[in-house]
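Quick look at entry_31.txt (compact mmCIF, C-alpha atoms):
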# COMPACT_ATOMS: atom_id res chain seq x y z
CA MET A 1 103.21 134.92 40.12
CA LEU A 2 102.39 133.96 43.71
CA ILE A 3 101.07 130.84 45.44
CA ASP A 4 98.33 131.29 48.05
CA THR A 5 99.23 128.41 50.34
CA HIS A 6 96.03 128.62 52.41
CA CYS A 7 92.66 129.79 51.08
CA HIS A 8 89.24 128.27 51.76
CA LEU A 9 87.87 128.50 48.23
CA ASP A 10 85.45 125.71 49.12
CA ASP A 11 83.70 128.06 51.55
CA GLY A 12 80.05 128.79 50.80
CA ARG A 13 80.83 132.49 50.39
CA TYR A 14 82.42 131.70 47.01
CA LEU A 15 79.60 129.57 45.63
CA ASP A 16 78.25 132.27 43.32
CA ASP A 17 81.43 133.83 41.94
CA ILE A 18 84.38 131.44 42.15
CA ASP A 19 85.29 132.04 38.48
CA ASP A 20 85.46 135.78 39.08
CA VAL A 21 87.47 135.27 42.28
CA LEU A 22 90.06 133.20 40.40
CA LYS A 23 90.18 135.65 37.52
CA ARG A 24 90.82 138.61 39.86
CA SER A 25 93.50 136.58 41.61
CA LEU A 26 95.28 135.78 38.35
CA GLU A 27 95.13 139.44 37.31
CA ALA A 28 96.66 140.35 40.69
CA GLY A 29 99.49 137.85 40.21
CA VAL A 30 98.29 134.84 42.22
CA ASP A 31 97.98 131.70 40.09
CA ARG A 32 98.15 128.69 42.42
CA PHE A 33 95.94 127.94 45.40
CA ILE A 34 95.84 125.37 48.19
CA ILE A 35 92.47 124.68 49.81
CA PRO A 36 93.08 123.29 53.31
CA GLY A 37 90.77 120.73 54.84
CA ALA A 38 88.84 122.30 57.72
CA ASP A 39 85.12 121.53 57.80
CA PRO A 40 84.50 118.00 56.41
CA LYS A 41 81.25 119.09 54.74
CA ASP A 42 83.28 121.25 52.35
CA LEU A 43 85.78 118.54 51.32
CA GLY A 44 83.73 117.41 48.34
CA ARG A 45 83.66 120.92 46.92
CA ALA A 46 87.42 121.31 47.43
CA LEU A 47 87.94 118.10 45.48
CA LYS A 48 85.72 119.28 42.62
CA LEU A 49 87.48 122.65 42.42
CA SER A 50 90.88 120.97 42.24
CA GLU A 51 89.68 118.74 39.41
CA LYS A 52 88.13 121.65 37.51
CA TYR A 53 91.00 124.15 37.81
CA GLU A 54 94.58 123.18 37.10
CA GLY A 55 95.97 125.75 39.53
CA VAL A 56 93.86 124.63 42.49
CA TYR A 57 95.09 121.99 44.96
CA PHE A 58 93.63 120.73 48.20
CA ALA A 59 94.57 119.18 51.53
CA VAL A 60 92.71 116.64 53.63
CA GLY A 61 92.28 117.42 57.30
CA VAL A 62 89.96 118.45 60.11
CA HIS A 63 90.22 121.79 61.92
CA PRO A 64 90.30 121.58 65.75
CA TYR A 65 86.78 123.05 65.86
CA HIS A 66 85.48 120.08 63.84
CA VAL A 67 87.33 117.20 65.49
CA ARG A 68 84.10 115.39 66.38
CA GLU A 69 83.33 115.09 62.67
CA PHE A 70 86.65 113.37 61.98
CA ASP A 71 86.50 110.17 59.94
CA GLU A 72 89.46 107.99 58.94
CA ARG A 73 87.84 107.51 55.52
CA TYR A 74 88.85 111.06 54.60
CA PHE A 75 92.42 109.78 54.36
CA GLU A 76 91.54 107.82 51.22
CA LEU A 77 91.76 111.12 49.34
CA LEU A 78 95.39 111.61 50.38
CA SER A 79 96.41 109.54 47.37
CA HIS A 80 94.60 111.90 44.97
CA PRO A 81 97.10 113.60 42.59
CA LYS A 82 95.86 117.09 43.53
CA CYS A 83 96.10 116.48 47.30
CA VAL A 84 99.30 118.11 48.56
CA ALA A 85 99.05 118.02 52.38
CA VAL A 86 97.32 116.86 55.55
CA GLY A 87 95.47 119.57 57.45
CA GLU A 88 94.62 122.00 58.60
CA CYS A 89 95.01 120.13 61.83
CA GLY A 90 96.29 121.09 65.25
CA LEU A 91 95.16 122.55 68.55
CA ASP A 92 92.97 125.56 69.26
CA TYR A 93 92.35 126.40 72.92
CA PHE A 94 90.83 129.83 72.27
CA ARG A 95 87.21 128.74 72.75
CA LEU A 96 87.27 126.03 75.38
CA PRO A 97 84.29 125.22 77.63
CA GLU A 98 84.30 126.89 81.04
CA ASN A 99 83.52 123.66 82.86
CA GLU A 100 86.84 122.04 83.83
CA MET A 101 85.79 118.48 82.98
CA GLU A 102 84.43 119.54 79.61
CA LYS A 103 87.55 121.62 78.97
CA ALA A 104 89.82 118.64 79.72
CA GLU A 105 87.76 116.40 77.42
CA GLU A 106 87.89 118.93 74.59
CA LYS A 107 91.68 119.14 74.87
CA ARG A 108 91.95 115.36 74.94
CA VAL A 109 89.91 114.93 71.76
CA GLN A 110 91.78 117.69 69.93
CA LYS A 111 95.13 116.11 70.80
CA GLU A 112 93.96 112.65 69.77
CA ILE A 113 92.71 113.79 66.35
CA PHE A 114 95.79 115.94 65.82
CA ALA A 115 97.98 112.91 66.50
CA ARG A 116 96.00 110.73 64.10
CA GLN A 117 96.41 113.29 61.34
CA ILE A 118 100.16 113.51 61.95
CA GLU A 119 100.39 109.72 61.66
CA ALA A 120 98.43 109.86 58.39
CA ALA A 121 100.82 112.49 57.03
CA LYS A 122 103.75 110.24 57.84
CA ARG A 123 102.03 107.23 56.32
CA TYR A 124 101.22 109.00 53.05
CA LYS A 125 104.39 111.14 53.08
CA LYS A 126 102.48 114.42 52.93
CA PRO A 127 103.44 117.71 54.66
CA LEU A 128 101.25 119.07 57.43
CA ILE A 129 99.24 122.28 57.55
CA VAL A 130 99.21 123.05 61.27
CA HIS A 131 96.75 125.31 63.09
CA ILE A 132 97.93 126.54 66.50
CA ARG A 133 96.01 128.98 68.68
CA GLU A 134 96.80 129.47 72.36
CA ALA A 135 98.35 126.00 72.42
CA SER A 136 101.97 126.47 71.37
CA ASP A 137 103.55 124.32 74.10
CA GLU A 138 101.40 121.26 73.58
CA SER A 139 101.36 121.59 69.77
CA LYS A 140 105.14 121.70 69.57
CA LYS A 141 105.46 118.80 71.99
CA ILE A 142 103.10 116.61 69.96
CA LEU A 143 104.79 117.45 66.66
CA LEU A 144 108.23 116.52 67.99
CA GLU A 145 107.17 113.47 69.99
CA LEU A 146 105.41 111.99 66.96
CA GLY A 147 108.29 112.68 64.58
CA ALA A 148 106.43 115.17 62.39
CA GLU A 149 109.77 116.56 61.23
CA SER A 150 109.95 113.57 58.86
CA VAL A 151 107.26 115.25 56.71
CA GLY A 152 107.49 118.89 57.81
CA GLY A 153 104.85 121.37 56.77
CA VAL A 154 103.65 124.87 57.52
CA LEU A 155 102.50 126.62 60.69
CA HIS A 156 99.43 128.25 59.19
CA CYS A 157 98.71 131.83 60.28
CA TYR A 158 101.88 131.77 62.38
CA ASN A 159 100.99 133.14 65.82
CA ALA A 160 104.33 134.94 66.38
CA ASP A 161 105.24 132.73 69.35
CA HIS A 162 109.05 132.80 69.58
CA GLN A 163 109.27 129.25 70.90
CA LEU A 164 107.86 127.92 67.62
CA LEU A 165 110.71 129.45 65.61
CA SER A 166 112.91 126.46 66.46
CA LEU A 167 110.60 124.31 64.31
CA ALA A 168 112.27 125.91 61.28
CA LYS A 169 115.10 123.47 61.92
CA GLN A 170 112.60 120.59 61.98
CA GLY A 171 111.31 121.08 58.43
CA PHE A 172 108.53 123.55 59.18
CA TYR A 173 107.62 126.75 57.36
CA PHE A 174 105.71 129.81 58.60
CA GLY A 175 102.55 131.03 56.89
CA ILE A 176 102.14 134.81 56.93
CA GLY A 177 98.82 136.41 55.99
CA GLY A 178 96.67 139.48 56.35
CA VAL A 179 97.26 139.82 60.10
CA LEU A 180 100.66 141.31 59.24
CA THR A 181 98.88 144.42 57.90
CA PHE A 182 96.77 144.98 61.04
CA SER A 183 97.59 147.90 63.34
CA ASN A 184 97.65 145.56 66.36
CA ALA A 185 100.08 143.07 64.81
CA ARG A 186 103.08 144.37 66.76
CA LYS A 187 104.17 140.92 67.92
CA LEU A 188 104.14 139.48 64.40
CA VAL A 189 105.91 142.56 63.01
CA GLU A 190 108.60 142.11 65.64
CA VAL A 191 109.18 138.40 65.00
CA LEU A 192 108.94 138.47 61.18
CA PRO A 193 112.66 139.27 60.63
CA LYS A 194 113.56 136.26 62.80
CA ILE A 195 111.90 133.83 60.40
CA PRO A 196 114.53 132.38 58.04
CA LEU A 197 113.69 133.51 54.52
CA ASP A 198 113.91 129.94 53.29
CA ARG A 199 111.05 129.09 55.66
CA LEU A 200 108.66 131.90 54.71
CA LEU A 201 105.30 131.30 53.00
CA PHE A 202 102.44 133.66 52.16
CA GLU A 203 98.73 132.92 52.48
CA THR A 204 95.39 134.70 52.78
CA ASP A 205 93.21 132.32 54.85
CA ALA A 206 90.42 133.68 52.64
CA PRO A 207 87.59 134.41 53.27
CA TYR A 208 88.98 135.30 56.74
CA LEU A 209 91.61 137.81 57.98
CA THR A 210 91.26 140.28 55.13
CA PRO A 211 94.30 142.58 54.94
CA MET A 212 94.16 146.33 55.20
CA PRO A 213 92.75 148.43 53.60
CA HIS A 214 89.98 145.90 52.86
CA ARG A 215 89.48 144.65 56.42
CA GLY A 216 85.82 143.93 57.07
CA LYS A 217 85.20 142.61 53.56
CA ARG A 218 85.34 139.03 52.33
CA ASN A 219 88.97 138.08 51.79
CA GLU A 220 90.19 136.50 48.55
CA PRO A 221 93.55 135.50 47.04
CA SER A 222 93.74 138.67 44.93
CA TYR A 223 94.58 140.55 48.15
CA MET A 224 97.71 138.51 48.84
CA PRO A 225 100.06 141.04 47.15
CA LEU A 226 99.11 143.45 49.97
CA VAL A 227 100.65 141.02 52.47
CA VAL A 228 103.78 140.61 50.36
CA LYS A 229 104.07 144.40 50.07
CA LYS A 230 103.89 144.82 53.85
CA ALA A 231 106.46 142.08 54.40
CA SER A 232 108.71 143.72 51.81
CA GLU A 233 108.62 147.02 53.71
CA LEU A 234 109.41 145.33 57.03
CA LEU A 235 112.18 143.08 55.74
CA TRP A 236 113.78 145.53 53.31
CA VAL A 237 113.52 142.93 50.57
CA THR A 238 111.87 143.71 47.24
CA LYS A 239 108.40 142.32 46.55
CA GLU A 240 109.76 140.49 43.54
CA LYS A 241 112.49 138.82 45.59
CA LEU A 242 110.03 137.81 48.32
CA ALA A 243 107.68 136.38 45.70
CA ASP A 244 110.51 134.28 44.27
CA ILE A 245 111.57 133.11 47.73
CA SER A 246 108.07 132.15 48.85
CA ASN A 247 107.38 130.38 45.55
CA GLU A 248 110.53 128.30 45.86
CA ASN A 249 109.60 127.46 49.45
CA SER A 250 106.08 126.48 48.37
CA LYS A 251 107.45 124.24 45.64
CA ARG A 252 109.81 122.61 48.11
CA VAL A 253 107.21 121.78 50.72
CA PHE A 254 104.11 121.18 48.56
CA GLY A 255 105.56 120.32 45.15
CA ILE A 256 103.55 123.00 43.33
CA TRP A 257 104.93 124.30 40.04
CA GLU A 258 104.20 127.07 37.53
CA LEU A 259 101.07 126.68 35.41
CA ARG A 260 101.08 128.90 32.35
CA VAL A 261 98.23 127.03 30.60
CA PHE A 262 95.88 127.49 33.57
CA ARG A 263 96.66 131.21 33.70
CA ARG A 264 95.92 131.74 30.02
CA THR A 265 92.70 129.71 29.91
CA VAL A 266 91.10 131.36 32.95
CA LEU A 267 91.99 134.90 31.90
CA MET A 268 90.61 134.29 28.40
CA LYS A 269 87.13 133.34 29.71
Would you mind writing the file's structure down as structure tokens?
Amino acid sequence: MLIDTHCHLDDGRYLDDIDDVLKRSLEAGVDRFIIPGADPKDLGRALKLSEKYEGVYFAVGVHPYHVREFDERYFELLSHPKCVAVGECGLDYFRLPENEMEKAEEKRVQKEIFARQIEAAKRYKKPLIVHIREASDESKKILLELGAESVGGVLHCYNADHQLLSLAKQGFYFGIGGVLTFSNARKLVEVLPKIPLDRLLFETDAPYLTPMPHRGKRNEPSYMPLVVKKASELLWVTKEKLADISNENSKRVFGIWELRVFRRTVLMK
């Protein structure tokens, strides 16, 4: 059984069929799920899902696109027993304003909120789920300057930037998802073998980044075996071995264990 370390099951696109989504995932061999914090308006639903389903966990955090909705009060949920991480937090410079003053202000706010979430992770002793897009230099600098290695975490949807590989020695893992199956993923395909196996995690980022051959459809955790299969072909490691490795890594960083009762009860519905 696999752990989907990053799936937005609190997204509105799952409102009508979350039970079916989880059932398909279990039938496909995925039985534990981490919902990252991204848009604050969805946090309440993530909390409810984690309390309803034994195999569902959540993280508290604000995506770079939602930094102006950040509120310190969210951190109160970091003490919840089903909360396993802080994030997804980080820097995303892909869609910055064209105006230079506005661009500088956007970067400043993103860095400030990223730093505050790192400090919260350290305070509550939770790993980080880090989002980095076109901001590798500054993201790495902030992580190291603020001592994020004391809690570690995962570089979600790892962007294949070689300079970030050194963070493996600082307690960070690398989340690999559906992008690996894309025809234009040459950079990620090239760097994948350079990721230490004991730092490899699998994720879907559902409902986004649906792997081939389902690209264009809504993503869901049941598609994660397609990512593992592609990684297996590239690394010359069996799917079963990769599943075991990624599960052990997930347990180490997030403290998530096997849940036989959850699997039986959901499949019996």
Closest to A:Glu105 among A:Arg68, A:His80, A:Lys241, A:Lys140, using all atoms listed in the file?
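Checking each candidate against A:Glu105, we get A:Arg68 as the closest.
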Using only C-alpha atoms, tabulate the residues of stretch 162-208 of chain A lying at most 8 Å from any atom of stretch 215-236 of chain A, each with its closest atom pair and that distance in Å to one decimal, by chain and increasing residue number, as CSV.
residue,atom,partner,partner_atom,distance
A:Ile176,CA,A:Val227,CA,7.8
A:Gly177,CA,A:Val227,CA,6.1
A:Gly178,CA,A:Val227,CA,5.8
A:Leu180,CA,A:Val227,CA,6.8
A:Thr181,CA,A:Lys230,CA,6.5
A:Val189,CA,A:Leu234,CA,7.5
A:Leu192,CA,A:Leu235,CA,7.8
A:Pro193,CA,A:Leu235,CA,6.2
A:Phe202,CA,A:Val228,CA,7.3
A:Glu203,CA,A:Met224,CA,6.7
A:Thr204,CA,A:Met224,CA,6.0
A:Asp205,CA,A:Asn219,CA,7.8
A:Ala206,CA,A:Asn219,CA,4.7
A:Pro207,CA,A:Asn219,CA,4.2
A:Tyr208,CA,A:Asn219,CA,5.7
Which residues come within 10 Å of A:Ala59, counting all atoms listed in the file, excluding same-chain residues fewer than 3 positions away, as number ranges by chain?
A: 6, 34-38, 43, 46-47, 62, 77-78, 80, 82-88, 126-129
Scan for residues within 7 Å of the point (106.1, 132.3, 59.8) in the coordinates of the file, using only C-alpha atoms, and reply as JSON, numbers by chain.
{"A": [155, 158, 173, 174, 175, 176, 192, 195, 200, 201]}
Distance atom CA of A:Lys107-atom CA of A:Gln170, one decimal place?
24.6 Å
Could you name the residues that touch A:Ile113 at 12 Å or less, counting all atoms listed in the file, but leaving out those on the same chain fewer than 2 positions away, as JSON, numbers by chain?
{"A": [61, 62, 63, 64, 65, 66, 67, 68, 69, 70, 71, 72, 87, 88, 89, 90, 91, 106, 107, 108, 109, 110, 111, 115, 116, 117, 118, 119, 120, 142]}
How would the residues just chosen look if you wrote them out with C-alpha atoms as a PDB file, in the frame of the given file?
ATOM      1  CA  GLY A  61      92.280 117.420  57.300  1.00  0.00           C
ATOM      2  CA  VAL A  62      89.960 118.450  60.110  1.00  0.00           C
ATOM      3  CA  HIS A  63      90.220 121.790  61.920  1.00  0.00           C
ATOM      4  CA  PRO A  64      90.300 121.580  65.750  1.00  0.00           C
ATOM      5  CA  TYR A  65      86.780 123.050  65.860  1.00  0.00           C
ATOM      6  CA  HIS A  66      85.480 120.080  63.840  1.00  0.00           C
ATOM      7  CA  VAL A  67      87.330 117.200  65.490  1.00  0.00           C
ATOM      8  CA  ARG A  68      84.100 115.390  66.380  1.00  0.00           C
ATOM      9  CA  GLU A  69      83.330 115.090  62.670  1.00  0.00           C
ATOM     10  CA  PHE A  70      86.650 113.370  61.980  1.00  0.00           C
ATOM     11  CA  ASP A  71      86.500 110.170  59.940  1.00  0.00           C
ATOM     12  CA  GLU A  72      89.460 107.990  58.940  1.00  0.00           C
ATOM     13  CA  GLY A  87      95.470 119.570  57.450  1.00  0.00           C
ATOM     14  CA  GLU A  88      94.620 122.000  58.600  1.00  0.00           C
ATOM     15  CA  CYS A  89      95.010 120.130  61.830  1.00  0.00           C
ATOM     16  CA  GLY A  90      96.290 121.090  65.250  1.00  0.00           C
ATOM     17  CA  LEU A  91      95.160 122.550  68.550  1.00  0.00           C
ATOM     18  CA  GLU A 106      87.890 118.930  74.590  1.00  0.00           C
ATOM     19  CA  LYS A 107      91.680 119.140  74.870  1.00  0.00           C
ATOM     20  CA  ARG A 108      91.950 115.360  74.940  1.00  0.00           C
ATOM     21  CA  VAL A 109      89.910 114.930  71.760  1.00  0.00           C
ATOM     22  CA  GLN A 110      91.780 117.690  69.930  1.00  0.00           C
ATOM     23  CA  LYS A 111      95.130 116.110  70.800  1.00  0.00           C
ATOM     24  CA  ALA A 115      97.980 112.910  66.500  1.00  0.00           C
ATOM     25  CA  ARG A 116      96.000 110.730  64.100  1.00  0.00           C
ATOM     26  CA  GLN A 117      96.410 113.290  61.340  1.00  0.00           C
ATOM     27  CA  ILE A 118     100.160 113.510  61.950  1.00  0.00           C
ATOM     28  CA  GLU A 119     100.390 109.720  61.660  1.00  0.00           C
ATOM     29  CA  ALA A 120      98.430 109.860  58.390  1.00  0.00           C
ATOM     30  CA  ILE A 142     103.100 116.610  69.960  1.00  0.00           C
TER      31      ILE A 142
END
Between atom CA of A:Gly171 and atom CA of A:Tyr53 - distance in Å to one decimal:
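Straight-line distance from atom CA of A:Tyr53 to atom CA of A:Gly171 works out to 29.1 Å.
With all atoms listed in the file as the basis for measurement, A:Ser25 is the residue among A:Ser50, A:Ser150, A:Ser166, A:Ser25 that approaches A:Asp4 most closely.
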Could you pull the residues within 7 Å of A:Asp31, counting all atoms listed in the file, minus those fewer than 6 positions along the same chain, as a ChimeraX atom specification?
/A:1-3,25,55,263
Between A:Glu98, A:Glu149, A:Asp92, A:Asp42, single out the one closest to A:Phe114, counting only C-alpha atoms.
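Of the candidates, the smallest distance to A:Phe114 is held by A:Asp92.
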What does the structure give for the distance between atom CA of A:Ser250 and atom CA of A:Leu165, in Å to one decimal?
18.1 Å
Using all atoms listed in the file, pick whichever of A:Arg199, A:Arg186, A:Asp39, A:Leu146 has the shortest atom-to-atom distance to A:Gly12.
A:Asp39
